[in-house]
>>> print(open('query-v9.csv').read())   # CSV, C-alpha atoms
chain,number,residue,atom,x,y,z
J,1,MET,CA,-37.6,-59.7,-46.9
J,2,ALA,CA,-35.4,-57.1,-48.4
J,3,LEU,CA,-37.1,-54.1,-50.0
J,4,THR,CA,-35.9,-50.9,-51.4
J,5,THR,CA,-38.0,-47.8,-52.1
J,6,SER,CA,-36.9,-44.7,-53.9
J,7,CYS,CA,-37.4,-41.0,-54.1
J,8,LEU,CA,-39.5,-41.6,-57.3
J,9,CYS,CA,-41.8,-44.5,-56.9
J,10,SER,CA,-44.5,-43.7,-54.3
J,11,THR,CA,-47.8,-42.0,-54.8
J,12,HIS,CA,-49.8,-40.4,-52.0
J,13,PRO,CA,-52.9,-38.4,-51.5
J,14,THR,CA,-53.1,-34.6,-51.2
J,15,SER,CA,-55.3,-32.8,-48.8
J,16,SER,CA,-57.3,-29.6,-49.1
J,17,GLN,CA,-58.3,-29.4,-45.4
J,18,PHE,CA,-56.2,-27.2,-43.1
J,19,THR,CA,-55.8,-26.5,-39.4
J,20,PRO,CA,-53.6,-23.9,-37.8
J,21,THR,CA,-50.3,-24.5,-36.1
J,22,ARG,CA,-47.6,-22.2,-34.7
J,23,ASN,CA,-44.1,-21.4,-35.9
J,24,ALA,CA,-40.9,-20.3,-34.2
J,25,PHE,CA,-40.3,-17.2,-36.3
J,26,SER,CA,-43.7,-15.7,-36.7
J,27,HIS,CA,-46.6,-14.8,-34.3
J,28,GLN,CA,-49.0,-15.6,-37.1
J,29,ALA,CA,-50.8,-18.9,-37.4
J,30,LEU,CA,-49.5,-21.1,-40.3
J,31,LEU,CA,-51.9,-23.4,-42.1
J,32,VAL,CA,-50.9,-27.1,-42.5
J,33,PRO,CA,-53.0,-30.1,-43.8
J,34,SER,CA,-55.1,-31.7,-41.1
J,35,CYS,CA,-53.9,-35.1,-42.2
J,36,PHE,CA,-50.5,-34.2,-40.6
J,37,LEU,CA,-52.0,-34.9,-37.2
J,38,ASN,CA,-52.8,-38.6,-37.9
J,39,PHE,CA,-49.4,-40.2,-37.7
J,40,LYS,CA,-49.6,-42.4,-34.6
J,41,SER,CA,-47.3,-45.2,-35.3
J,42,SER,CA,-49.0,-47.9,-33.2
J,43,LEU,CA,-51.6,-48.5,-30.6
J,44,LEU,CA,-49.7,-47.5,-27.4
J,45,PRO,CA,-51.1,-46.7,-24.0
J,46,GLU,CA,-51.8,-43.0,-23.6
J,47,GLY,CA,-48.6,-41.1,-22.7
J,48,PHE,CA,-46.3,-44.1,-23.4
J,49,LEU,CA,-43.2,-43.5,-25.5
J,50,ARG,CA,-40.9,-46.2,-26.7
J,51,ARG,CA,-37.2,-45.5,-26.3
J,52,CYS,CA,-35.0,-44.7,-29.3
J,53,GLU,CA,-31.2,-44.6,-29.3
J,54,TYR,CA,-29.9,-41.3,-30.8
J,55,ILE,CA,-26.4,-40.8,-32.2
J,56,ASP,CA,-25.7,-37.1,-32.7
J,57,LEU,CA,-23.0,-36.2,-35.2
J,58,HIS,CA,-24.9,-33.4,-36.8
J,59,ASN,CA,-21.9,-31.0,-36.6
J,60,GLU,CA,-19.5,-33.6,-37.9
J,61,LEU,CA,-18.5,-34.4,-41.5
J,62,VAL,CA,-18.6,-38.2,-41.6
J,63,PRO,CA,-17.1,-40.2,-44.6
J,64,TYR,CA,-20.0,-41.9,-46.3
J,65,HIS,CA,-18.5,-45.4,-46.1
J,66,LYS,CA,-18.1,-45.1,-42.3
J,67,ALA,CA,-21.7,-44.1,-41.8
J,68,TRP,CA,-22.9,-46.8,-44.2
J,69,ASP,CA,-20.9,-49.5,-42.3
J,70,LEU,CA,-22.2,-48.3,-39.0
J,71,GLN,CA,-25.8,-48.6,-40.3
J,72,LYS,CA,-25.3,-52.1,-41.5
J,73,ALA,CA,-23.7,-53.1,-38.2
J,74,ILE,CA,-26.7,-51.8,-36.3
J,75,VAL,CA,-29.1,-53.4,-38.7
J,76,LYS,CA,-27.4,-56.8,-38.2
J,77,GLU,CA,-27.6,-56.4,-34.5
J,78,LYS,CA,-31.3,-55.5,-34.6
J,79,LYS,CA,-32.1,-58.5,-36.8
J,80,ALA,CA,-30.3,-60.8,-34.4
J,81,LEU,CA,-32.4,-59.4,-31.5
J,82,ILE,CA,-35.6,-60.0,-33.5
J,83,GLU,CA,-34.5,-63.6,-34.3
J,84,ARG,CA,-34.0,-64.2,-30.6
J,85,ASN,CA,-37.4,-62.6,-29.8
J,86,GLN,CA,-35.7,-59.9,-27.7
J,87,GLU,CA,-36.5,-56.3,-27.4
J,88,CYS,CA,-35.4,-54.4,-30.6
J,89,LEU,CA,-35.6,-50.6,-30.2
J,90,ASP,CA,-35.0,-48.0,-32.9
J,91,THR,CA,-31.9,-46.0,-33.6
J,92,LEU,CA,-31.6,-42.5,-35.1
J,93,ILE,CA,-28.3,-41.1,-36.6
J,94,ILE,CA,-28.0,-37.5,-37.7
J,95,LEU,CA,-24.8,-36.3,-39.4
J,96,GLN,CA,-23.3,-34.5,-42.4
J,97,HIS,CA,-21.1,-36.0,-45.1
J,98,HIS,CA,-18.0,-35.1,-47.0
J,99,PRO,CA,-19.0,-34.4,-50.6
J,100,VAL,CA,-20.1,-37.6,-52.3
J,101,PHE,CA,-22.5,-38.7,-55.0
J,102,THR,CA,-24.6,-41.8,-54.1
J,103,LEU,CA,-26.6,-44.0,-56.4
J,104,GLY,CA,-29.4,-46.5,-55.5
J,105,THR,CA,-29.3,-50.1,-56.3
J,106,GLY,CA,-30.8,-49.6,-59.8
J,107,SER,CA,-29.7,-46.1,-60.5
J,108,SER,CA,-28.9,-45.3,-64.2
J,109,LYS,CA,-25.8,-43.6,-65.3
J,110,GLN,CA,-27.8,-41.5,-67.7
J,111,TYR,CA,-28.5,-39.1,-64.8
J,112,LEU,CA,-24.8,-38.4,-64.3
J,113,ASN,CA,-23.5,-35.3,-66.1
J,114,PHE,CA,-19.9,-36.2,-65.7
J,115,ASP,CA,-17.4,-38.9,-66.8
J,116,MET,CA,-17.5,-41.8,-64.3
J,117,ASN,CA,-13.8,-42.2,-64.9
J,118,ASP,CA,-13.1,-38.7,-63.8
J,119,PRO,CA,-15.6,-37.7,-61.1
J,120,ARG,CA,-15.2,-34.5,-59.1
J,121,TYR,CA,-16.3,-36.3,-55.9
J,122,ASP,CA,-16.5,-39.9,-54.8
J,123,VAL,CA,-19.3,-41.9,-56.4
J,124,VAL,CA,-20.8,-44.7,-54.3
J,125,ARG,CA,-23.5,-47.3,-55.4
J,126,THR,CA,-25.6,-48.4,-52.4
J,127,GLU,CA,-28.4,-50.8,-51.8
J,128,ARG,CA,-31.0,-48.1,-51.1
J,129,GLY,CA,-33.8,-47.2,-53.5
J,130,GLY,CA,-33.8,-44.2,-55.8
J,131,GLU,CA,-31.6,-42.5,-58.3
J,132,VAL,CA,-28.4,-40.4,-57.9
J,133,THR,CA,-28.2,-37.7,-55.2
J,134,TYR,CA,-25.5,-35.5,-53.7
J,135,HIS,CA,-24.4,-35.2,-50.0
J,136,GLY,CA,-22.2,-32.5,-48.7
J,137,PRO,CA,-21.5,-30.0,-45.9
J,138,GLY,CA,-24.6,-28.0,-44.9
J,139,GLN,CA,-26.9,-30.9,-45.6
J,140,LEU,CA,-28.3,-32.8,-42.6
J,141,VAL,CA,-28.6,-36.6,-43.3
J,142,ILE,CA,-31.0,-38.5,-41.1
J,143,TYR,CA,-30.6,-42.3,-40.9
J,144,PRO,CA,-33.5,-43.8,-38.9
J,145,ILE,CA,-32.9,-47.5,-38.3
J,146,MET,CA,-36.4,-48.5,-37.4
J,147,ASN,CA,-38.0,-51.7,-36.3
J,148,LEU,CA,-41.3,-51.3,-38.1
J,149,ARG,CA,-42.8,-54.1,-36.0
J,150,ASN,CA,-43.0,-51.5,-33.3
J,151,HIS,CA,-44.8,-49.1,-35.6
J,152,LYS,CA,-46.6,-50.1,-38.8
J,153,MET,CA,-45.3,-52.8,-41.1
J,154,ASP,CA,-46.0,-50.6,-44.1
J,155,LEU,CA,-43.3,-48.9,-46.1
J,156,HIS,CA,-45.7,-46.3,-47.7
J,157,TRP,CA,-46.7,-45.3,-44.2
J,158,TYR,CA,-43.1,-45.0,-43.2
J,159,LEU,CA,-42.2,-42.8,-46.2
J,160,ARG,CA,-45.2,-40.5,-45.5
J,161,ALA,CA,-44.1,-40.3,-41.8
J,162,LEU,CA,-40.6,-39.2,-42.8
J,163,GLU,CA,-42.0,-36.5,-45.1
J,164,GLU,CA,-44.4,-35.5,-42.3
J,165,MET,CA,-41.5,-35.0,-39.9
J,166,ILE,CA,-39.8,-32.6,-42.4
J,167,ILE,CA,-42.9,-30.7,-43.3
J,168,ARG,CA,-43.7,-30.1,-39.6
J,169,MET,CA,-40.1,-29.1,-38.9
J,170,LEU,CA,-40.0,-26.5,-41.8
J,171,SER,CA,-43.3,-25.1,-40.6
J,172,SER,CA,-42.5,-24.8,-36.9
J,173,ALA,CA,-38.9,-23.6,-37.2
J,174,PHE,CA,-39.0,-21.4,-40.3
J,175,ALA,CA,-42.6,-20.9,-41.3
J,176,ILE,CA,-41.9,-22.6,-44.6
J,177,LYS,CA,-45.1,-24.1,-46.1
J,178,ALA,CA,-43.5,-27.2,-47.7
J,179,SER,CA,-45.6,-29.9,-49.2
J,180,ARG,CA,-45.6,-33.3,-51.0
J,181,LEU,CA,-46.0,-33.6,-54.7
J,182,GLU,CA,-48.3,-36.3,-56.0
J,183,GLY,CA,-46.5,-39.3,-57.4
J,184,LEU,CA,-43.1,-38.1,-56.0
J,185,THR,CA,-41.5,-39.0,-52.7
J,186,GLY,CA,-39.7,-36.2,-50.8
J,187,VAL,CA,-40.5,-32.7,-49.5
J,188,TRP,CA,-40.9,-29.7,-51.8
J,189,PHE,CA,-41.2,-25.9,-51.7
J,190,GLY,CA,-42.8,-25.2,-55.0
J,191,ASP,CA,-40.7,-26.9,-57.6
J,192,GLN,CA,-37.7,-27.0,-55.3
J,193,LYS,CA,-36.9,-30.3,-53.6
J,194,LEU,CA,-35.7,-29.6,-50.1
J,195,ALA,CA,-35.5,-33.2,-48.8
J,196,ALA,CA,-34.8,-36.4,-50.7
J,197,ILE,CA,-35.7,-39.9,-49.4
J,198,GLY,CA,-34.2,-43.2,-50.2
J,199,ILE,CA,-34.5,-46.2,-47.9
J,200,ARG,CA,-34.0,-50.0,-47.7
J,201,ALA,CA,-35.8,-52.4,-45.4
J,202,SER,CA,-34.6,-55.9,-44.4
J,203,ASN,CA,-36.8,-58.0,-42.3
J,204,TRP,CA,-38.8,-54.9,-41.5
J,205,VAL,CA,-35.8,-53.1,-40.2
J,206,THR,CA,-35.2,-49.8,-42.1
J,207,TYR,CA,-31.9,-48.1,-42.9
J,208,HIS,CA,-30.6,-45.3,-45.2
J,209,GLY,CA,-33.0,-42.4,-44.9
J,210,LEU,CA,-33.3,-38.8,-45.9
J,211,ALA,CA,-31.2,-35.8,-46.8
J,212,LEU,CA,-32.3,-32.3,-45.9
J,213,ASN,CA,-30.7,-29.3,-47.7
J,214,VAL,CA,-30.1,-26.7,-45.0
J,215,SER,CA,-27.3,-24.4,-46.2
J,216,VAL,CA,-25.5,-26.8,-48.6
J,217,ASP,CA,-23.8,-25.5,-51.7
J,218,LEU,CA,-26.2,-26.5,-54.5
J,219,THR,CA,-23.7,-26.3,-57.3
J,220,PRO,CA,-22.7,-30.0,-57.2
J,221,PHE,CA,-26.4,-30.9,-58.0
J,222,GLN,CA,-25.7,-29.4,-61.5
J,223,LEU,CA,-23.5,-32.4,-62.2
J,224,ILE,CA,-26.4,-34.8,-61.9
J,225,VAL,CA,-30.1,-35.1,-62.5
J,226,PRO,CA,-31.1,-35.3,-58.8
J,227,CYS,CA,-33.3,-38.3,-58.1
J,228,GLY,CA,-33.7,-38.7,-61.9
J,229,ILE,CA,-36.2,-35.8,-62.0
J,230,ARG,CA,-35.4,-33.5,-64.9
J,231,ASP,CA,-38.3,-31.0,-64.8
J,232,ARG,CA,-37.8,-29.8,-61.2
J,233,GLY,CA,-35.0,-28.3,-59.2
J,234,VAL,CA,-33.3,-28.6,-55.8
J,235,GLY,CA,-33.5,-26.0,-53.1
J,236,SER,CA,-32.3,-25.4,-49.5
J,237,ILE,CA,-33.7,-23.8,-46.4
J,238,LYS,CA,-31.2,-21.0,-46.6
J,239,GLY,CA,-32.2,-20.3,-50.2
J,240,VAL,CA,-35.9,-20.3,-49.4
J,241,LEU,CA,-35.3,-17.9,-46.5
J,242,GLY,CA,-33.3,-15.7,-48.8
J,243,GLU,CA,-36.2,-15.6,-51.2
J,244,PHE,CA,-38.5,-14.6,-48.3
J,245,GLN,CA,-36.1,-11.8,-47.3
J,246,ALA,CA,-35.8,-10.5,-50.8
J,247,SER,CA,-39.6,-10.4,-51.4
J,248,GLY,CA,-40.3,-8.7,-48.1
J,249,LYS,CA,-43.5,-10.7,-47.9
J,250,HIS,CA,-42.7,-13.0,-45.0
J,251,ALA,CA,-42.7,-12.3,-41.3
J,252,ILE,CA,-39.3,-13.9,-40.3
J,253,ALA,CA,-37.6,-12.0,-37.5
J,254,GLU,CA,-34.0,-11.1,-38.2
J,255,SER,CA,-33.5,-14.0,-40.6
J,256,HIS,CA,-30.6,-12.2,-42.3
J,257,GLN,CA,-28.7,-12.6,-39.1
J,258,ILE,CA,-28.9,-16.4,-39.0
J,259,ASP,CA,-25.6,-17.9,-40.2
J,260,ASP,CA,-25.1,-21.4,-41.6
J,261,SER,CA,-24.1,-22.8,-38.2
J,262,LEU,CA,-27.2,-21.4,-36.5
J,263,LEU,CA,-29.4,-22.8,-39.3
J,264,ILE,CA,-27.9,-26.2,-38.9
J,265,ASN,CA,-28.4,-26.2,-35.1
J,266,LEU,CA,-32.0,-24.9,-35.2
J,267,THR,CA,-32.9,-27.4,-37.9
J,268,HIS,CA,-31.3,-30.2,-35.9
J,269,GLU,CA,-33.1,-29.3,-32.7
J,270,THR,CA,-36.5,-29.0,-34.4
J,271,LEU,CA,-36.0,-32.3,-36.3
J,272,LEU,CA,-35.5,-34.1,-33.1
J,273,GLN,CA,-38.7,-32.7,-31.6
J,274,GLU,CA,-40.7,-33.6,-34.7
J,275,PHE,CA,-39.2,-37.1,-35.1
J,276,SER,CA,-40.1,-37.8,-31.5
J,277,GLN,CA,-43.7,-36.6,-32.0
J,278,VAL,CA,-44.3,-38.3,-35.4
J,279,PHE,CA,-43.0,-41.7,-34.3
J,280,GLN,CA,-44.0,-41.4,-30.7
J,281,LEU,CA,-40.4,-42.1,-29.4
J,282,LYS,CA,-38.4,-40.9,-26.4
J,283,LEU,CA,-34.8,-40.1,-27.6
J,284,GLU,CA,-31.9,-41.3,-25.5
J,285,GLN,CA,-28.5,-40.0,-26.7
J,286,ARG,CA,-25.7,-42.4,-27.1
J,287,SER,CA,-22.2,-41.0,-27.0
J,288,LEU,CA,-20.3,-41.7,-30.1
J,289,LEU,CA,-17.3,-39.7,-31.4
J,290,LEU,CA,-16.3,-39.6,-35.0
J,291,SER,CA,-13.0,-41.2,-34.0
J,292,ASP,CA,-15.0,-44.1,-32.5
J,293,LEU,CA,-16.6,-45.1,-35.8
J,294,VAL,CA,-13.7,-47.2,-36.9
J,295,GLN,CA,-14.0,-49.4,-33.8
J,296,GLU,CA,-17.8,-49.5,-34.1
J,297,VAL,CA,-17.9,-50.9,-37.6
J,298,THR,CA,-15.1,-53.5,-37.2
>>> encode(input="query-v9.csv", output="structure tokens")
Amino acid sequence: MALTTSCLCSTHPTSSQFTPTRNAFSHQALLVPSCFLNFKSSLLPEGFLRRCEYIDLHNELVPYHKAWDLQKAIVKEKKALIERNQECLDTLIILQHHPVFTLGTGSSKQYLNFDMNDPRYDVVRTERGGEVTYHGPGQLVIYPIMNLRNHKMDLHWYLRALEEMIIRMLSSAFAIKASRLEGLTGVWFGDQKLAAIGIRASNWVTYHGLALNVSVDLTPFQLIVPCGIRDRGVGSIKGVLGEFQASGKHAIAESHQIDDSLLINLTHETLLQEFSQVFQLKLEQRSLLLSDLVQEVT
């Protein structure tokens, strides 16, 4: 089995029921849908967490092809373990990319607002689902390589779980009340897409993943129709916090003093917490330097 799913194709329910949670920047309770609390990935003994290998490159700019090759090597390894009926745990990679446009396996060139013969940045066609998107500095890219046999063999559940992780993170770290939009995959603040998702699954092992705009320069998105969605825009955490500050209607303590580096680090730290909770995993960091990637993928 080899499946792709995109940032466009999935529909999902919305919820009007709410329960309070807490956030890191405000002492006020923030309301989030109660369905957010129902993402147990499998029937595990109480208190049991599976191990998950974690490769932390969140402060590194990694060339796209190196990260792609690393993912494929890890997927190949996991599929071999499955074939031998050996334990196959999950892997999480978090990093940033040098500027690059990526297209899904069936992406249309009609969503490119530039000449393919003279692109401003590299253009890479991949085997993930979805239309064109942009990666660049200030955007955290999360590549979960998950053995869904350990969770739920359901790609719609997996997409909703990825969205859930981001929605919780935005709430707890920044008091941003992000949401899903019916019929569209990803995480939104109003009409601004903050996180795009495009995955592939082979033999129930997932790769590719999601991109979260933290402090990324949004200008390159003007050169494309992001995810093929013409009637909505793209936003970032930094931009949303700037709107809050300008309006004076949001209780964020000293947000104007948070620079790009601090935003990235806080987002990264909270993402790890929410990923662990949503997928019921214990993260174990694996040391891997950017210079080691060449050896890892050969």
>>> closest_residue(input="query-v9.csv", among="J:Pro144, J:Pro119, J:Gly129, J:Gly104", to="Leu272 in chain J", atoms="all atoms listed in the file")
J:Pro144
>>> closest_residue(input="query-v9.csv", among="J:Val132, J:Leu262, J:Val123, J:Leu49", to="Leu281 in chain J", atoms="all atoms listed in the file")
J:Leu49
>>> closest_residue(input="query-v9.csv", among="J:Leu288, J:Leu241, J:Cys52, J:Cys227", to="Gly106 in chain J", atoms="only C-alpha atoms")
J:Cys227
>>> atom_distance(input="query-v9.csv", atom1="CA of Tyr143 in chain J", atom2="CA of Val216 in chain J")
18.0 Å
>>> closest_residue(input="query-v9.csv", among="J:Ser171, J:Asn59, J:Ser247, J:Ser202", to="Leu155 in chain J", atoms="only C-alpha atoms")
J:Ser202
>>> closest_residue(input="query-v9.csv", among="J:Leu92, J:Ile166, J:Ala67, J:Ala201", to="Met153 in chain J", atoms="all atoms listed in the file")
J:Ala201
>>> closest_residue(input="query-v9.csv", among="J:Leu283, J:Ala246, J:Leu140, J:Leu223", to="Ala196 in chain J", atoms="all atoms listed in the file")
J:Leu140
>>> residues_around(input="query-v9.csv", residues="range 162-165 of chain J", least_positions_apart="5", cutoff="7 Å", atoms="only C-alpha atoms", output="list in words")
Phe36, Gly186, Val187, Glu274, Phe275 and Val278 of chain J
>>> closest_atom_pairs(input="query-v9.csv", of="range 181-262 of chain J", to="range 77-84 of chain J", cutoff="10 Å", atoms="all atoms listed in the file", output="Markdown table")
| residue | atom | partner | partner_atom | distance |
| --- | --- | --- | --- | --- |
| J:Ser202 | CA | J:Lys79 | CA | 8.4 |
| J:Asn203 | CA | J:Lys79 | CA | 7.3 |
| J:Trp204 | CA | J:Lys79 | CA | 8.9 |
| J:Val205 | CA | J:Lys79 | CA | 7.4 |
>>> atom_distance(input="query-v9.csv", atom1="CA of Thr267 in chain J", atom2="CA of Leu212 in chain J")
9.4 Å
>>> build_atoms(input="query-v9.csv", residues="range 176-207 of chain J", atoms="N, CA and C atoms", output="PDB file, in the coordinates of the input")
ATOM      1  N   ILE J 176     -41.913 -22.174 -43.227  1.00  0.00           N
ATOM      2  CA  ILE J 176     -41.900 -22.600 -44.600  1.00  0.00           C
ATOM      3  C   ILE J 176     -43.008 -23.571 -44.867  1.00  0.00           C
ATOM      4  N   LYS J 177     -43.895 -23.248 -45.801  1.00  0.00           N
ATOM      5  CA  LYS J 177     -45.100 -24.100 -46.100  1.00  0.00           C
ATOM      6  C   LYS J 177     -44.670 -25.100 -47.157  1.00  0.00           C
ATOM      7  N   ALA J 178     -43.937 -26.107 -46.742  1.00  0.00           N
ATOM      8  CA  ALA J 178     -43.500 -27.200 -47.700  1.00  0.00           C
ATOM      9  C   ALA J 178     -44.655 -28.143 -47.885  1.00  0.00           C
ATOM     10  N   SER J 179     -44.470 -29.026 -48.871  1.00  0.00           N
ATOM     11  CA  SER J 179     -45.600 -29.900 -49.200  1.00  0.00           C
ATOM     12  C   SER J 179     -44.998 -31.189 -49.882  1.00  0.00           C
ATOM     13  N   ARG J 180     -45.889 -32.128 -50.137  1.00  0.00           N
ATOM     14  CA  ARG J 180     -45.600 -33.300 -51.000  1.00  0.00           C
ATOM     15  C   ARG J 180     -46.054 -32.949 -52.401  1.00  0.00           C
ATOM     16  N   LEU J 181     -45.508 -33.655 -53.371  1.00  0.00           N
ATOM     17  CA  LEU J 181     -46.000 -33.600 -54.700  1.00  0.00           C
ATOM     18  C   LEU J 181     -46.521 -34.976 -55.106  1.00  0.00           C
ATOM     19  N   GLU J 182     -47.715 -35.010 -55.670  1.00  0.00           N
ATOM     20  CA  GLU J 182     -48.300 -36.300 -56.000  1.00  0.00           C
ATOM     21  C   GLU J 182     -47.472 -37.103 -56.928  1.00  0.00           C
ATOM     22  N   GLY J 183     -47.236 -38.343 -56.554  1.00  0.00           N
ATOM     23  CA  GLY J 183     -46.500 -39.300 -57.400  1.00  0.00           C
ATOM     24  C   GLY J 183     -44.965 -39.215 -57.119  1.00  0.00           C
ATOM     25  N   LEU J 184     -44.503 -38.270 -56.292  1.00  0.00           N
ATOM     26  CA  LEU J 184     -43.100 -38.100 -56.000  1.00  0.00           C
ATOM     27  C   LEU J 184     -42.833 -38.178 -54.524  1.00  0.00           C
ATOM     28  N   THR J 185     -41.844 -38.930 -54.106  1.00  0.00           N
ATOM     29  CA  THR J 185     -41.500 -39.000 -52.700  1.00  0.00           C
ATOM     30  C   THR J 185     -40.506 -37.853 -52.389  1.00  0.00           C
ATOM     31  N   GLY J 186     -40.616 -37.273 -51.193  1.00  0.00           N
ATOM     32  CA  GLY J 186     -39.700 -36.200 -50.800  1.00  0.00           C
ATOM     33  C   GLY J 186     -40.552 -35.000 -50.300  1.00  0.00           C
ATOM     34  N   VAL J 187     -39.863 -33.919 -49.967  1.00  0.00           N
ATOM     35  CA  VAL J 187     -40.500 -32.700 -49.500  1.00  0.00           C
ATOM     36  C   VAL J 187     -40.096 -31.549 -50.350  1.00  0.00           C
ATOM     37  N   TRP J 188     -41.081 -30.727 -50.721  1.00  0.00           N
ATOM     38  CA  TRP J 188     -40.900 -29.700 -51.800  1.00  0.00           C
ATOM     39  C   TRP J 188     -41.357 -28.344 -51.270  1.00  0.00           C
ATOM     40  N   PHE J 189     -40.707 -27.309 -51.801  1.00  0.00           N
ATOM     41  CA  PHE J 189     -41.200 -25.900 -51.700  1.00  0.00           C
ATOM     42  C   PHE J 189     -41.376 -25.445 -53.107  1.00  0.00           C
ATOM     43  N   GLY J 190     -42.612 -25.413 -53.572  1.00  0.00           N
ATOM     44  CA  GLY J 190     -42.800 -25.200 -55.000  1.00  0.00           C
ATOM     45  C   GLY J 190     -42.246 -26.288 -55.813  1.00  0.00           C
ATOM     46  N   ASP J 191     -41.385 -25.941 -56.759  1.00  0.00           N
ATOM     47  CA  ASP J 191     -40.700 -26.900 -57.600  1.00  0.00           C
ATOM     48  C   ASP J 191     -39.303 -27.241 -57.084  1.00  0.00           C
ATOM     49  N   GLN J 192     -38.978 -26.774 -55.887  1.00  0.00           N
ATOM     50  CA  GLN J 192     -37.700 -27.000 -55.300  1.00  0.00           C
ATOM     51  C   GLN J 192     -37.735 -28.183 -54.315  1.00  0.00           C
ATOM     52  N   LYS J 193     -36.928 -29.188 -54.530  1.00  0.00           N
ATOM     53  CA  LYS J 193     -36.900 -30.300 -53.600  1.00  0.00           C
ATOM     54  C   LYS J 193     -35.948 -29.964 -52.453  1.00  0.00           C
ATOM     55  N   LEU J 194     -36.481 -29.937 -51.243  1.00  0.00           N
ATOM     56  CA  LEU J 194     -35.700 -29.600 -50.100  1.00  0.00           C
ATOM     57  C   LEU J 194     -35.173 -30.861 -49.355  1.00  0.00           C
ATOM     58  N   ALA J 195     -35.907 -31.961 -49.463  1.00  0.00           N
ATOM     59  CA  ALA J 195     -35.500 -33.200 -48.800  1.00  0.00           C
ATOM     60  C   ALA J 195     -35.747 -34.385 -49.709  1.00  0.00           C
ATOM     61  N   ALA J 196     -34.716 -35.205 -49.874  1.00  0.00           N
ATOM     62  CA  ALA J 196     -34.800 -36.400 -50.700  1.00  0.00           C
ATOM     63  C   ALA J 196     -34.796 -37.637 -49.763  1.00  0.00           C
ATOM     64  N   ILE J 197     -35.523 -38.681 -50.167  1.00  0.00           N
ATOM     65  CA  ILE J 197     -35.700 -39.900 -49.400  1.00  0.00           C
ATOM     66  C   ILE J 197     -35.298 -41.099 -50.194  1.00  0.00           C
ATOM     67  N   GLY J 198     -34.466 -41.963 -49.625  1.00  0.00           N
ATOM     68  CA  GLY J 198     -34.200 -43.200 -50.200  1.00  0.00           C
ATOM     69  C   GLY J 198     -33.855 -44.248 -49.152  1.00  0.00           C
ATOM     70  N   ILE J 199     -34.624 -45.313 -49.057  1.00  0.00           N
ATOM     71  CA  ILE J 199     -34.500 -46.200 -47.900  1.00  0.00           C
ATOM     72  C   ILE J 199     -34.319 -47.675 -48.417  1.00  0.00           C
ATOM     73  N   ARG J 200     -33.971 -48.526 -47.485  1.00  0.00           N
ATOM     74  CA  ARG J 200     -34.000 -50.000 -47.700  1.00  0.00           C
ATOM     75  C   ARG J 200     -34.577 -50.570 -46.404  1.00  0.00           C
ATOM     76  N   ALA J 201     -35.301 -51.678 -46.570  1.00  0.00           N
ATOM     77  CA  ALA J 201     -35.800 -52.400 -45.400  1.00  0.00           C
ATOM     78  C   ALA J 201     -35.457 -53.866 -45.551  1.00  0.00           C
ATOM     79  N   SER J 202     -34.957 -54.434 -44.463  1.00  0.00           N
ATOM     80  CA  SER J 202     -34.600 -55.900 -44.400  1.00  0.00           C
ATOM     81  C   SER J 202     -35.250 -56.456 -43.184  1.00  0.00           C
ATOM     82  N   ASN J 203     -36.127 -57.415 -43.398  1.00  0.00           N
ATOM     83  CA  ASN J 203     -36.800 -58.000 -42.300  1.00  0.00           C
ATOM     84  C   ASN J 203     -37.558 -57.000 -41.434  1.00  0.00           C
ATOM     85  N   TRP J 204     -38.110 -56.001 -42.134  1.00  0.00           N
ATOM     86  CA  TRP J 204     -38.800 -54.900 -41.500  1.00  0.00           C
ATOM     87  C   TRP J 204     -37.986 -54.006 -40.624  1.00  0.00           C
ATOM     88  N   VAL J 205     -36.691 -54.017 -40.845  1.00  0.00           N
ATOM     89  CA  VAL J 205     -35.800 -53.100 -40.200  1.00  0.00           C
ATOM     90  C   VAL J 205     -35.299 -52.117 -41.303  1.00  0.00           C
ATOM     91  N   THR J 206     -35.526 -50.829 -41.121  1.00  0.00           N
ATOM     92  CA  THR J 206     -35.200 -49.800 -42.100  1.00  0.00           C
ATOM     93  C   THR J 206     -33.781 -49.282 -41.921  1.00  0.00           C
ATOM     94  N   TYR J 207     -33.163 -48.866 -43.011  1.00  0.00           N
ATOM     95  CA  TYR J 207     -31.900 -48.100 -42.900  1.00  0.00           C
ATOM     96  C   TYR J 207     -31.815 -47.195 -44.148  1.00  0.00           C
TER      97      TYR J 207
END
